[in-house]
Amino acid sequence: MKEILILAYKLLVNDKGKYTALLVGTTFSVFLIVQMTSSFAGILTKASATVINVGANIWVMDPGVNTVLNSIPMPDYVLDAVRSINGVKYAVPLYSGGALVKLHDGTYQPVMVVGLDDASLFGRPELLEGNIDDIFAENGFVVVKDEEFPKLKNPKLGTEFELNDHRGVIVGIAKVATGGLYGTPTLYTTYNRALQYIPSTRFTISYVLVEPKSNSDIAYIKQQVDRLGYLALTSGEFQDRISNYLKYQTGIGTNTLLMTVISFIVGLSISGQTFYTFILENLEHFGALKAIGAKGRELVYMILFQAAFTSLAGYGLGIGLSTLLITAAKLRLPEYASRLTYTNLGLAFLLVLIIASVSSYAGIRRVLKIEPFDIFRG
Amino acid sequence: MPAAAIVAEKLTKWFGQDGTRTYAVREVSFEANWGEMLYIVGPSGSGKTTLLSMISGILRPNSGSVNIGDRDLWSLSDDRIADFRLNTIGFVFQDYHLFPRLTTAENVAIPLILQKRSWSEALRAAARYLEVVGLADKADLPPTKLSGGEQQRVAIARAIVHQPKILVFDEPTASLDGETGRKIVSFVKTEILTAERCILIVTHDSRIFEYSNRIMSMEDGQISGFRQGEAV
């Protein structure tokens with residue numbers, strides 16, 4: 001069988017024009033599919049940035065919450081009620097909200113403020129500069145050095161700013177795992193200072209962060225929180241909730257799906273048409289092979305091999321091209337929201353397999369129908 | 001080995017449905033012998049190629065039988081018939097049907113590749129047979145770089161590389177000038193035909209009759225007569 005596949009390989013790659021067209025078609029298709037889905041994956045990851053960066057196991061929230069940013073404040077008793085649930089090791093409040101910062105040069109910049117529990121600073125970021133204890137100092141804020149950092153004019157330790165007529169001072173510069181989606185810099189402070197600086201509603205707690213005693217307690221905690229009229233989600237579930245919101249309740253998911261389908265159709269059209277033409281042009285050769293003594297199934301293996309080889313080569317090139325573009329784009333635009341995930345790669349692989357199958361199916365039908373007698377009589 | 005290489009009995013082939021049925025070959029019976037070069041001649045549409053196709057396992061007859069050696073060809077399954085063609089028959093098609101994307105040596109090696117010999121072994125054998133047909137120096141060229149006569153010799157090398165017992169040629173000189181055609185057929189007669197081999201040639205070309213052992217004439221799908229070839 002190996003020799004017949006080598007024959008198929010030579011017949012394919014020695015037809016340089018067609019082979020190039022096939023490769024370009026598949027590569028382009030994979031590139032578009034991966035670009036679209038990677039961008040979407042990047043958006044989803046960034047939309048869950050706070051959940052990832054804070055790193056709590058369980059998040060308690062109002063059932064109406066869809067994304068981290070649109071938190072619905074909860075009354076203080078929720079914190080006490082959650083703390084009293086069996087299986088809760090500890091529970092702390094988290095403030096998350098937007099504010100407007102006046103910079104040293106007089107310009108204004110929207111920021112996201114995360115208020116950490118004063119006692120534990122649970123969910124604090126890793127500091128690159130400064131001391132975390134200084135967050136308790138008067139007016140202390142920690143700024144996240146991410147792609148949005150320059151929007152605050154690259155502050156240093158001791159840089160001052162105004163937040164709702166309150167003085168703020170940078171006491172630490174931190175890094176986080178994932179930058180945010182909405183293009184605003186992030187400031188961390190204590191929970192109480194956040195409430196003090198930012199006008200708030202009657203209820204103040206954005207989220208209650210819960211650490212269970214063990215994983216087996218999670219189900220019970222969720223059940224008890226539900227009885228309170230609130231929602232407890234694990235970190236993964238919360239990220240899924242945010243993803244699902246973006247996928248199904250905004251236009252982003254539909255648009256991405258549409259573009260992915262279009263990319264697939266483009267790839268299928270180019271590759272399918274080219275491959276079918278390739279088979280048609282080689283039909284008499286397949287017929288000659290059949291006349292000489294090749295069996296139908298051997299010709300099928302040859303065509304499947306040719307389709308699979310082209311598709312996998314195109315898949316590899318498409319992934320390579322996408323990786324190159326994403327890497328290059330991130331060097332120039334650090335906030336570029338694009339992320340290659342195994343799901344993206346798997347989806348692209350699946351679609352490439354479909355392209356290969358559909359392309360080869362039409363060719364196989366033609367080749368199996370050809371009669372050696374037609375070749376013999378010329 | 002049976003005396004007759006090929007025994008065809010009452011071979012019939014028609015095309016079309018009942019109402020528009022057209023007979024291409026009607027109840028043709030004949031024998032061809034080992035060591036014989038048998039020509040099948042006749043006007044266009046007389047059923048020569050159809051008959052050759054049924055004898056070589058390419059076209060299933062509507063009725064009749066073909067025995068090659070001691071095997072009833074059309075009683076075999078499709079896969080076994082494909083195997084039979086691969087191992088017993090060597091084809092030289094009218095248009096050669098060489099693969100332009102392969103080298104000359106790779107073209108010649110195709111029957112061995114289909115026999116699942118290793119690629120290197122097949123190419124070594126192909127090189128030997130290219131030498132037999134006088135094209136050893138053209139092994140690495142694509143067939144498109146060769147003249148018509150050279151392409152014909154490549155097709156012959158491909159037909160004999162797996163040492164088949166039966167060789168079938170369909171209009172071997174149709175695309176060649178008279179001199180080249182005679183050279184090719186003379187070469188086949190002297191170098192390829194052996195006592196253990198039978199060669200069937202369908203042709204219109206009377207200029208090559210001198211190399212035949214026997215000539216079978218066909219008209220309207222039936223045998224109209226036999227005569228001794230001029231080589232006898």
# chains A, B, ... in the order shown; residues from 1 in each chain; ligands from 1
call {"tool": "interface_residues", "arguments": {"of": "chain B", "to": "chain A", "cutoff": "6 Å", "atoms": "only C-alpha atoms", "output": "VMD selection string"}}
result
chain B and resid 58 82 to 83 85 to 86 101 113 119
call {"tool": "residues_around", "arguments": {"residues": "Lys165 in chain B", "least_positions_apart": "5", "cutoff": "9 Å", "atoms": "only C-alpha atoms", "output": "list in words"}}
result
Ala5, Trp34, Asn87, Thr88, Ile89, Gly90, Ile160, Glu196, Arg197, Cys198 and Ile199 of chain B
call {"tool": "write_last_selection", "arguments": {"atoms": "C-alpha atoms", "output": "mmCIF file, in the first residue's frame"}}
result
data_model
loop_
_atom_site.group_PDB
_atom_site.id
_atom_site.type_symbol
_atom_site.label_atom_id
_atom_site.label_comp_id
_atom_site.auth_asym_id
_atom_site.auth_seq_id
_atom_site.Cartn_x
_atom_site.Cartn_y
_atom_site.Cartn_z
ATOM 1 C CA ALA B 5 -2.867 -19.290 -24.903
ATOM 2 C CA TRP B 34 1.748 -19.275 -27.228
ATOM 3 C CA ASN B 87 -0.309 -10.208 -13.459
ATOM 4 C CA THR B 88 -1.124 -11.721 -16.838
ATOM 5 C CA ILE B 89 -1.794 -8.917 -19.304
ATOM 6 C CA GLY B 90 0.427 -6.127 -20.569
ATOM 7 C CA ILE B 160 6.349 -5.947 -20.264
ATOM 8 C CA GLU B 196 5.814 -18.460 -23.558
ATOM 9 C CA ARG B 197 4.090 -15.300 -24.625
ATOM 10 C CA CYS B 198 1.178 -14.411 -26.894
ATOM 11 C CA ILE B 199 0.774 -10.984 -28.476
#
call {"tool": "select_by_dssp", "arguments": {"residues": "range 106-191 of chain A", "states": "strand (DSSP E or B)", "output": "PyMOL selection string"}}
result
chain A and resi 108-116+126-130+140-144+160-163+166-175+186-190
call {"tool": "write_last_selection", "arguments": {"atoms": "C-alpha atoms", "output": "mmCIF file, in the first residue's frame"}}
result
data_model
loop_
_atom_site.group_PDB
_atom_site.id
_atom_site.type_symbol
_atom_site.label_atom_id
_atom_site.label_comp_id
_atom_site.auth_asym_id
_atom_site.auth_seq_id
_atom_site.Cartn_x
_atom_site.Cartn_y
_atom_site.Cartn_z
ATOM 1 C CA TYR A 108 -9.512 62.227 32.322
ATOM 2 C CA GLN A 109 -9.278 58.487 31.906
ATOM 3 C CA PRO A 110 -11.932 55.890 32.719
ATOM 4 C CA VAL A 111 -10.593 53.091 34.922
ATOM 5 C CA MET A 112 -11.862 49.911 36.488
ATOM 6 C CA VAL A 113 -11.486 49.837 40.273
ATOM 7 C CA VAL A 114 -11.284 46.542 42.136
ATOM 8 C CA GLY A 115 -11.762 46.830 45.896
ATOM 9 C CA LEU A 116 -10.201 43.943 47.836
ATOM 10 C CA GLU A 126 1.320 39.985 42.035
ATOM 11 C CA LEU A 127 3.366 43.124 42.570
ATOM 12 C CA LEU A 128 6.188 44.071 40.228
ATOM 13 C CA GLU A 129 7.102 47.163 42.239
ATOM 14 C CA GLY A 130 6.129 48.389 45.694
ATOM 15 C CA GLY A 140 -3.061 53.947 48.250
ATOM 16 C CA PHE A 141 -3.804 52.300 44.907
ATOM 17 C CA VAL A 142 -2.048 49.546 42.996
ATOM 18 C CA VAL A 143 -2.038 49.919 39.211
ATOM 19 C CA VAL A 144 -1.940 46.959 36.859
ATOM 20 C CA GLU A 160 -0.685 61.061 42.132
ATOM 21 C CA PHE A 161 -4.102 61.363 40.507
ATOM 22 C CA GLU A 162 -7.613 62.391 41.374
ATOM 23 C CA LEU A 163 -10.576 60.075 41.604
ATOM 24 C CA HIS A 166 -10.184 62.304 46.136
ATOM 25 C CA ARG A 167 -6.443 62.148 45.977
ATOM 26 C CA GLY A 168 -4.977 58.836 44.958
ATOM 27 C CA VAL A 169 -1.365 57.665 45.049
ATOM 28 C CA ILE A 170 0.216 54.756 43.215
ATOM 29 C CA VAL A 171 1.848 52.554 45.854
ATOM 30 C CA GLY A 172 2.378 49.468 43.766
ATOM 31 C CA ILE A 173 2.661 48.299 40.186
ATOM 32 C CA ALA A 174 1.277 44.835 39.563
ATOM 33 C CA LYS A 175 0.943 42.293 36.825
ATOM 34 C CA THR A 186 -7.254 48.626 36.325
ATOM 35 C CA LEU A 187 -6.631 49.990 39.816
ATOM 36 C CA TYR A 188 -6.692 47.844 42.934
ATOM 37 C CA THR A 189 -7.419 49.264 46.358
ATOM 38 C CA THR A 190 -9.088 48.140 49.537
#
call {"tool": "residues_around", "arguments": {"residues": "Arg26 in chain B", "least_positions_apart": "2", "cutoff": "6 Å", "atoms": "only C-alpha atoms", "output": "JSON, numbers by chain"}}
result
{"B": [12, 28, 221, 222]}
call {"tool": "closest_residue", "arguments": {"among": "A:Arg366, A:Arg332, A:Asn255, A:Ile52", "to": "Asp240 in chain A", "atoms": "only C-alpha atoms"}}
result
A:Ile52
call {"tool": "residues_around", "arguments": {"residues": "range 36-42 of chain B", "least_positions_apart": "6", "cutoff": "6 Å", "atoms": "only C-alpha atoms", "output": "PyMOL selection string"}}
result
chain B and resi 198-204+212-218
call {"tool": "residues_around", "arguments": {"residues": "range 176-183 of chain A", "least_positions_apart": "2", "cutoff": "10 Å", "atoms": "only C-alpha atoms", "output": "PyMOL selection string"}}
result
chain A and resi 42-55+69+110-112+124-127+144-149+151+174+185-186+334-337
call {"tool": "select_by_dssp", "arguments": {"residues": "range 77-108 of chain B", "states": "helix (DSSP H, G or I)", "output": "PyMOL selection string"}}
result
chain B and resi 78-88+104-108
call {"tool": "write_last_selection", "arguments": {"atoms": "N, CA and C atoms", "output": "PDB file, in the first residue's frame"}}
result
ATOM      1  N   ASP B  78     -14.605  -9.408  -9.616  1.00  0.00           N
ATOM      2  CA  ASP B  78     -13.996  -8.187 -10.158  1.00  0.00           C
ATOM      3  C   ASP B  78     -12.562  -8.001  -9.650  1.00  0.00           C
ATOM      4  N   ASP B  79     -12.359  -8.253  -8.354  1.00  0.00           N
ATOM      5  CA  ASP B  79     -11.015  -8.089  -7.784  1.00  0.00           C
ATOM      6  C   ASP B  79     -10.031  -9.073  -8.405  1.00  0.00           C
ATOM      7  N   ARG B  80     -10.522 -10.314  -8.603  1.00  0.00           N
ATOM      8  CA  ARG B  80      -9.628 -11.341  -9.179  1.00  0.00           C
ATOM      9  C   ARG B  80      -9.326 -11.010 -10.642  1.00  0.00           C
ATOM     10  N   ILE B  81     -10.305 -10.418 -11.321  1.00  0.00           N
ATOM     11  CA  ILE B  81     -10.063 -10.032 -12.721  1.00  0.00           C
ATOM     12  C   ILE B  81      -9.022  -8.907 -12.772  1.00  0.00           C
ATOM     13  N   ALA B  82      -9.128  -7.965 -11.810  1.00  0.00           N
ATOM     14  CA  ALA B  82      -8.126  -6.892 -11.744  1.00  0.00           C
ATOM     15  C   ALA B  82      -6.745  -7.500 -11.497  1.00  0.00           C
ATOM     16  N   ASP B  83      -6.686  -8.472 -10.597  1.00  0.00           N
ATOM     17  CA  ASP B  83      -5.408  -9.155 -10.331  1.00  0.00           C
ATOM     18  C   ASP B  83      -4.908  -9.871 -11.586  1.00  0.00           C
ATOM     19  N   PHE B  84      -5.865 -10.484 -12.278  1.00  0.00           N
ATOM     20  CA  PHE B  84      -5.507 -11.204 -13.502  1.00  0.00           C
ATOM     21  C   PHE B  84      -4.886 -10.237 -14.513  1.00  0.00           C
ATOM     22  N   ARG B  85      -5.543  -9.103 -14.702  1.00  0.00           N
ATOM     23  CA  ARG B  85      -5.003  -8.110 -15.643  1.00  0.00           C
ATOM     24  C   ARG B  85      -3.612  -7.671 -15.225  1.00  0.00           C
ATOM     25  N   LEU B  86      -3.466  -7.441 -13.924  1.00  0.00           N
ATOM     26  CA  LEU B  86      -2.191  -6.924 -13.424  1.00  0.00           C
ATOM     27  C   LEU B  86      -1.063  -7.936 -13.616  1.00  0.00           C
ATOM     28  N   ASN B  87      -1.376  -9.209 -13.457  1.00  0.00           N
ATOM     29  CA  ASN B  87      -0.309 -10.208 -13.459  1.00  0.00           C
ATOM     30  C   ASN B  87      -0.137 -10.915 -14.800  1.00  0.00           C
ATOM     31  N   THR B  88      -1.178 -10.889 -15.629  1.00  0.00           N
ATOM     32  CA  THR B  88      -1.124 -11.721 -16.838  1.00  0.00           C
ATOM     33  C   THR B  88      -1.103 -10.909 -18.121  1.00  0.00           C
ATOM     34  N   THR B 104       9.949   8.924 -16.886  1.00  0.00           N
ATOM     35  CA  THR B 104       9.793   7.760 -17.771  1.00  0.00           C
ATOM     36  C   THR B 104       9.946   6.464 -16.975  1.00  0.00           C
ATOM     37  N   ALA B 105      10.945   6.419 -16.100  1.00  0.00           N
ATOM     38  CA  ALA B 105      11.179   5.203 -15.304  1.00  0.00           C
ATOM     39  C   ALA B 105       9.989   4.934 -14.384  1.00  0.00           C
ATOM     40  N   GLU B 106       9.462   5.966 -13.784  1.00  0.00           N
ATOM     41  CA  GLU B 106       8.311   5.784 -12.880  1.00  0.00           C
ATOM     42  C   GLU B 106       7.092   5.288 -13.657  1.00  0.00           C
ATOM     43  N   ASN B 107       6.938   5.793 -14.891  1.00  0.00           N
ATOM     44  CA  ASN B 107       5.838   5.303 -15.731  1.00  0.00           C
ATOM     45  C   ASN B 107       5.960   3.806 -15.983  1.00  0.00           C
ATOM     46  N   VAL B 108       7.181   3.409 -16.299  1.00  0.00           N
ATOM     47  CA  VAL B 108       7.406   1.985 -16.599  1.00  0.00           C
ATOM     48  C   VAL B 108       7.173   1.134 -15.345  1.00  0.00           C
TER      49      VAL B 108
END
call {"tool": "residues_around", "arguments": {"residues": "Gly64 in chain B", "least_positions_apart": "6", "cutoff": "7 Å", "atoms": "only C-alpha atoms", "output": "list in words"}}
result
Glu9, Lys10, Leu11 and Thr12 of chain B
call {"tool": "closest_residue", "arguments": {"among": "B:Ser186, B:Thr20, B:Thr194, B:Ser75", "to": "Val133 in chain B", "atoms": "only C-alpha atoms"}}
result
B:Ser186
call {"tool": "decode", "arguments": {"residues": "range 268-280 of chain A", "atoms": "N, CA and C atoms", "output": "JSON list (two decimals), in the first residue's frame"}}
result
[["chain", "number", "residue", "atom", "x", "y", "z"],
["A", 268, "LEU", "N", -13.98, 25.47, 1.25],
["A", 268, "LEU", "CA", -14.60, 24.30, 0.61],
["A", 268, "LEU", "C", -14.75, 24.54, -0.90],
["A", 269, "SER", "N", -15.14, 25.76, -1.25],
["A", 269, "SER", "CA", -15.34, 26.06, -2.67],
["A", 269, "SER", "C", -14.02, 25.98, -3.42],
["A", 270, "ILE", "N", -13.01, 26.67, -2.87],
["A", 270, "ILE", "CA", -11.72, 26.71, -3.59],
["A", 270, "ILE", "C", -11.11, 25.31, -3.64],
["A", 271, "SER", "N", -10.99, 24.69, -2.46],
["A", 271, "SER", "CA", -10.32, 23.39, -2.41],
["A", 271, "SER", "C", -11.13, 22.33, -3.12],
["A", 272, "GLY", "N", -12.44, 22.34, -2.87],
["A", 272, "GLY", "CA", -13.29, 21.32, -3.48],
["A", 272, "GLY", "C", -13.26, 21.41, -4.99],
["A", 273, "GLN", "N", -13.42, 22.63, -5.50],
["A", 273, "GLN", "CA", -13.44, 22.83, -6.95],
["A", 273, "GLN", "C", -12.10, 22.44, -7.56],
["A", 274, "THR", "N", -11.01, 22.90, -6.91],
["A", 274, "THR", "CA", -9.68, 22.62, -7.46],
["A", 274, "THR", "C", -9.38, 21.12, -7.42],
["A", 275, "PHE", "N", -9.76, 20.50, -6.32],
["A", 275, "PHE", "CA", -9.46, 19.07, -6.20],
["A", 275, "PHE", "C", -10.29, 18.27, -7.21],
["A", 276, "TYR", "N", -11.53, 18.69, -7.38],
["A", 276, "TYR", "CA", -12.38, 17.99, -8.34],
["A", 276, "TYR", "C", -11.82, 18.15, -9.76],
["A", 277, "THR", "N", -11.35, 19.37, -10.07],
["A", 277, "THR", "CA", -10.73, 19.60, -11.37],
["A", 277, "THR", "C", -9.48, 18.75, -11.53],
["A", 278, "PHE", "N", -8.72, 18.67, -10.45],
["A", 278, "PHE", "CA", -7.50, 17.84, -10.46],
["A", 278, "PHE", "C", -7.86, 16.39, -10.79],
["A", 279, "ILE", "N", -8.92, 15.90, -10.16],
["A", 279, "ILE", "CA", -9.34, 14.50, -10.41],
["A", 279, "ILE", "C", -9.82, 14.36, -11.85],
["A", 280, "LEU", "N", -10.62, 15.34, -12.31],
["A", 280, "LEU", "CA", -11.13, 15.25, -13.68],
["A", 280, "LEU", "C", -9.99, 15.22, -14.68]]
